[in-house]
Amino acid sequence: MKAIIMAGGFGTRLRPLTMNLPKPMVPMMNRPMMEHIVRLLARHGMTDLTSLLYFHPDAITSHFGDGSAFGCTMEYVRAEADFGTAGSVRNATEQLGINERILIISGDVLTDFDLTAALKFHEKKKAQATIVLTHAKNPLQFGIVMTNPDREITRFLEKPSWGEVFSDTINTGIYILEPEAYNEIPYKREFDFSKDLFPLLLKRKGALAGHIAEGYWRDIGNLSEYHEAHMDALAGMVDIEIEGKRHNGAIVEQDCQIEGARFRGQNAIARGTITEEGAMITNSIVGADCHIEAGAIVENSILWNGTRVGRNASLSHMVACYNVVIGDRATIDENVFIGEGSQIAENARVLSNVKLWPGKRVESGATLQTSLVWEDRWNRELFTNSRISGTSNIELIPEFAAKVGASLGAHVGLGQRVVISRDSDPGSRVLSRALVSGLMSAGVVVVDMQQTPIPLTRHHLRDARSSGGVHIRKNPIDRRRSDMIFFDSGGYDLPSNKSKAIERYFFGEDFPRAQFDQVGTIEFPAHTGEIYTKRFLSALDTDLITRAHFKIAIDYANGIASTIFPNILGAFGSEVVSINAYLEPSRLTRGREEFDRSTRHLANVVRSLSYQMGFILDAGGERVGLVDENGNIYINNSLLTILTKLFFESEIKRGRSVKKIAVPISATSEVEELAQEYGAEITYTKNTHADMMRAASEEDVSFVGGTLGGAIFPDYFFAVDGMFTVAKTMEMLAVVEKNLGDIAHDMPRHAQARKQVFCPTDDLGKVMRQAMDHSRDMKKVLVDGIKFYPHDGTNAWVLVIPEKERPYCTVLTDAREEREATKLAEEYADLVEEWKKAGN
């Protein structure tokens, strides 16, 4: 049986460690990571090995040679092109004439799995492919796998969001494949295991099995994981070979001079290292030929070969690459990563969270500091969906925005165009200018729309030849925070594959800059408002609205919509009272209490003036709240229900049928009842704008309603537009010749209850797995979280869903009566508490 080692990784997130060597060759306990994999394979009798190479291949071939030094034979296949994970394996099997069972494993993980047990499982199941699985505390970065009691894989989801974490069982990237499985991979074509091959095998009964392995497994995906893996190895959590003999609190290799140094905890010292009198080493790994001078303190650190630490220097929770020199009395704080050949002079200090590229020098007495909070805040990921959010001028600062701009510029490429817009907040202006600077430094042409509502920005992107866009705003709920919202070309929300690409540039800090004569420029577009207004009015029956002679009140929330929407409303000849219809940056954010006061005030205005309706727009012009002629307020779910019913009735009145609508999985069951009443199919989406937009592009979907005040009318546009929702509501009421109160009178009524349970990130995957087990025999819907119907014969449901940005699990329930919904929420909140305490 042949084993194939995937050894082509760039290791972008491990920079600066991987600037000069491929990721599989990064030292782990003083040996290359891939060497631990080779030894693991040999330990289980797998000695016929092939390594697939791509980045810095010579570093791997020169170390392993023909494999004889490691008790195996080693062949190499260098990639001709990027054929994807599965495609590169098929390329190797064709080149080497392989037609037997193969085991595939990554060369840059740390594991001690029993591969023999995995092989026996595969043979017993007679599967065409077996994926080796494990349980992970935080499964977001991996492929989620679900199996039935026979360990046949039933569902596979690659790198999910928290709402898609239906289990904590993950794909480890270790596969056992029969020829009939890998022969399905097309030759010399891009093909991926998770996205292409496994979904294909899922269609065959029993073809794809999942073996849950016991033991240690960690993907060394970033610098934090790299450091933690070393600490785990020192603590004996993983069974790997560590060369040397125990001596005085350390495992010491040959030819070391360590007398006089003090060791605490667990340590590993490689050959030829010298530690002088009075040096203190605690829970650290020291490479070969290092020199630690008298009085130096090294704590929880990893020093690669050839590192020199001066007298009385102090190092804590850091990593130094090959041949780093740290001078006398220098101080290196936590989470610092120093590239190969760098020098920290005497009395210098490097503060927490700094990364030094190879060959850098910090001068004597200097203090090198990171960009304060944001480097620590975003040391794993930037984006939540298509948005970056943070505390204004603390986490989201100009330096950060400039770096994001440079990363976005590197992604879209030299000479491309990016559209920028913002609200009226001064902090948004600061971030916008910094972002523009970063983009221009990458040679990007910036189309600056300045103060513009989000819907106009999307419309401009649909028409313009731009690679994407960014809107910067004050967060509409929390006045302390700001948001950077990213758009793809055409105005759609930025997809996750592109946000991940931007993150790689950001964390790698290796984005290219334009030459001096290729620096980008700024353009200011003209007539955007006129084009938007023309398209807006052409999508409506303005004559019908005009004949209705509506009397309405609108609260603009001091947002940018107040600069354009009054002119549009003028085309309808309606009587309008405008509230907060001026720009006021200090009032762009409305907390819950302030929003409630505003809606109550709007309701009083509508009632006192005997108007037909009132609307409240958010500051960005995307979402709305509604008040009927009686002063009743409709927001979130109640707004969704009344808009859905109004849409159905207006379409019927026009003689048109509604085939399909789409709403988020958390939407009230009132909408489901309406769809059944009017004979329409309902499609459920995740509760994100990006997923609502995807639903709007599906065939036969004519309305997409959100639970947070947003609505999409696909015949007009693919994204939410609060101003159009206002006008469309007026048009639909004119069609049905009713007031809103009449529409609401016979709407279905359901109640929802919500409980939030504190749930550390490490327990969320386990909770979701327990929820899946609990609901195994219940009707369920898996779209975003786990939605199930606990009682036969009723339409009461429970949705268990992790929060994306906080360590909480939300239990949302829906039932006919408020008492029943509350009881269900309390019952399942208690169960979540039990599930997070359960063992694996």
# chains A, B, ... in the order shown; residues from 1 in each chain; ligands from 1
call {"tool": "residues_around", "arguments": {"residues": "Lys355 (chain A)", "least_positions_apart": "2", "cutoff": "7 Å", "atoms": "only C-alpha atoms", "output": "list in words"}}
result
Pro16, Val336, Phe337, Ile338, Asn353 and Trp357 of chain A
call {"tool": "residues_around", "arguments": {"residues": "region 102-119 of chain A", "least_positions_apart": "6", "cutoff": "8 Å", "atoms": "only C-alpha atoms", "output": "NGL selection string"}}
result
:A and (1-7 or 9 or 23-24 or 33-34 or 36-37 or 40-41 or 44 or 132 or 173-178 or 211 or 213-220 or 229 or 238-240)
call {"tool": "closest_residue", "arguments": {"among": "A:Ala69, A:Leu208, A:Ala81, A:Ala92", "to": "Thr147 (chain A)", "atoms": "only C-alpha atoms"}}
result
A:Leu208
call {"tool": "atom_distance", "arguments": {"atom1": "CA of Gly529 (chain A)", "atom2": "CA of Gln416 (chain A)"}}
result
23.6 Å
call {"tool": "residues_around", "arguments": {"residues": "region 772-777 of chain A", "least_positions_apart": "4", "cutoff": "9 Å", "atoms": "only C-alpha atoms", "output": "list in words"}}
result
Phe166, Ser167, Val767, Met768, Ile786, Phe788, Tyr789 and Pro790 of chain A
call {"tool": "write_last_selection", "arguments": {"atoms": "all heavy atoms", "output": "CSV table (one decimal), in the first residue's frame"}}
result
chain,number,residue,atom,x,y,z
A,166,PHE,N,-23.3,21.5,12.4
A,166,PHE,CA,-24.2,20.5,12.8
A,166,PHE,C,-23.6,19.4,13.7
A,166,PHE,O,-24.3,18.5,14.1
A,166,PHE,CB,-25.0,19.9,11.6
A,166,PHE,CG,-25.5,20.9,10.7
A,166,PHE,CD1,-25.3,20.9,9.3
A,166,PHE,CD2,-26.3,22.0,11.1
A,166,PHE,CE1,-25.7,21.8,8.4
A,166,PHE,CE2,-26.8,23.0,10.2
A,166,PHE,CZ,-26.5,22.8,8.9
A,167,SER,N,-22.3,19.5,13.8
A,167,SER,CA,-21.5,18.5,14.5
A,167,SER,C,-20.2,19.0,14.8
A,167,SER,O,-19.7,20.0,14.2
A,167,SER,CB,-21.4,17.2,13.7
A,167,SER,OG,-20.5,16.3,14.3
A,767,VAL,N,-22.0,20.9,21.4
A,767,VAL,CA,-23.4,21.2,21.6
A,767,VAL,C,-24.2,20.9,20.3
A,767,VAL,O,-25.3,20.3,20.4
A,767,VAL,CB,-23.6,22.7,22.0
A,767,VAL,CG1,-25.0,23.1,21.9
A,767,VAL,CG2,-23.1,22.9,23.5
A,768,MET,N,-23.6,21.3,19.2
A,768,MET,CA,-24.4,21.1,17.9
A,768,MET,C,-24.5,19.6,17.6
A,768,MET,O,-25.5,19.1,17.1
A,768,MET,CB,-23.7,21.8,16.8
A,768,MET,CG,-23.7,23.3,17.0
A,768,MET,SD,-25.3,24.1,17.4
A,768,MET,CE,-26.0,24.1,15.8
A,786,ILE,N,-29.6,24.3,13.6
A,786,ILE,CA,-30.4,23.0,13.6
A,786,ILE,C,-31.8,23.4,14.0
A,786,ILE,O,-32.0,23.7,15.1
A,786,ILE,CB,-29.8,21.9,14.5
A,786,ILE,CG1,-28.3,21.6,14.1
A,786,ILE,CG2,-30.6,20.7,14.4
A,786,ILE,CD1,-27.6,20.7,15.1
A,788,PHE,N,-35.6,22.0,14.3
A,788,PHE,CA,-36.3,20.8,14.4
A,788,PHE,C,-37.7,21.0,15.1
A,788,PHE,O,-37.9,22.0,15.7
A,788,PHE,CB,-35.5,19.7,15.1
A,788,PHE,CG,-35.0,20.1,16.5
A,788,PHE,CD1,-35.8,19.9,17.6
A,788,PHE,CD2,-33.8,20.7,16.6
A,788,PHE,CE1,-35.3,20.3,18.9
A,788,PHE,CE2,-33.3,21.1,17.9
A,788,PHE,CZ,-34.1,20.9,19.0
A,789,TYR,N,-38.6,20.0,14.8
A,789,TYR,CA,-40.0,20.1,15.3
A,789,TYR,C,-40.1,19.0,16.4
A,789,TYR,O,-40.3,17.8,16.0
A,789,TYR,CB,-40.9,19.8,14.1
A,789,TYR,CG,-40.8,20.9,13.1
A,789,TYR,CD1,-39.8,21.0,12.2
A,789,TYR,CD2,-41.8,21.9,13.0
A,789,TYR,CE1,-39.7,22.0,11.2
A,789,TYR,CE2,-41.8,22.9,12.1
A,789,TYR,CZ,-40.7,23.0,11.2
A,789,TYR,OH,-40.6,24.0,10.3
A,790,PRO,N,-40.1,19.3,17.6
A,790,PRO,CA,-40.0,18.3,18.7
A,790,PRO,C,-41.3,17.6,19.0
A,790,PRO,O,-41.3,16.5,19.6
A,790,PRO,CB,-39.6,19.2,19.9
A,790,PRO,CG,-40.1,20.5,19.7
A,790,PRO,CD,-40.0,20.7,18.2
call {"tool": "select_by_dssp", "arguments": {"residues": "region 103-296 of chain A", "states": "alpha helix (DSSP H)", "output": "PyMOL selection string"}}
result
chain A and resi 115-125+179-182+198-202+223-234
call {"tool": "residues_around", "arguments": {"residues": "Met440 (chain A)", "least_positions_apart": "2", "cutoff": "9 Å", "atoms": "only C-alpha atoms", "output": "MDAnalysis selection string"}}
result
chainID A and resid 405:406 409 435:438 442:446 514 518:522
call {"tool": "atom_distance", "arguments": {"atom1": "CA of Ser194 (chain A)", "atom2": "CA of Gly87 (chain A)"}}
result
11.7 Å
call {"tool": "closest_residue", "arguments": {"among": "A:Ile568, A:Leu201, A:Ala662, A:Met237", "to": "Ala695 (chain A)", "atoms": "only C-alpha atoms"}}
result
A:Ala662
call {"tool": "closest_residue", "arguments": {"among": "A:Phe615, A:Lys780, A:Thr47, A:Arg78", "to": "Asp66 (chain A)", "atoms": "only C-alpha atoms"}}
result
A:Thr47
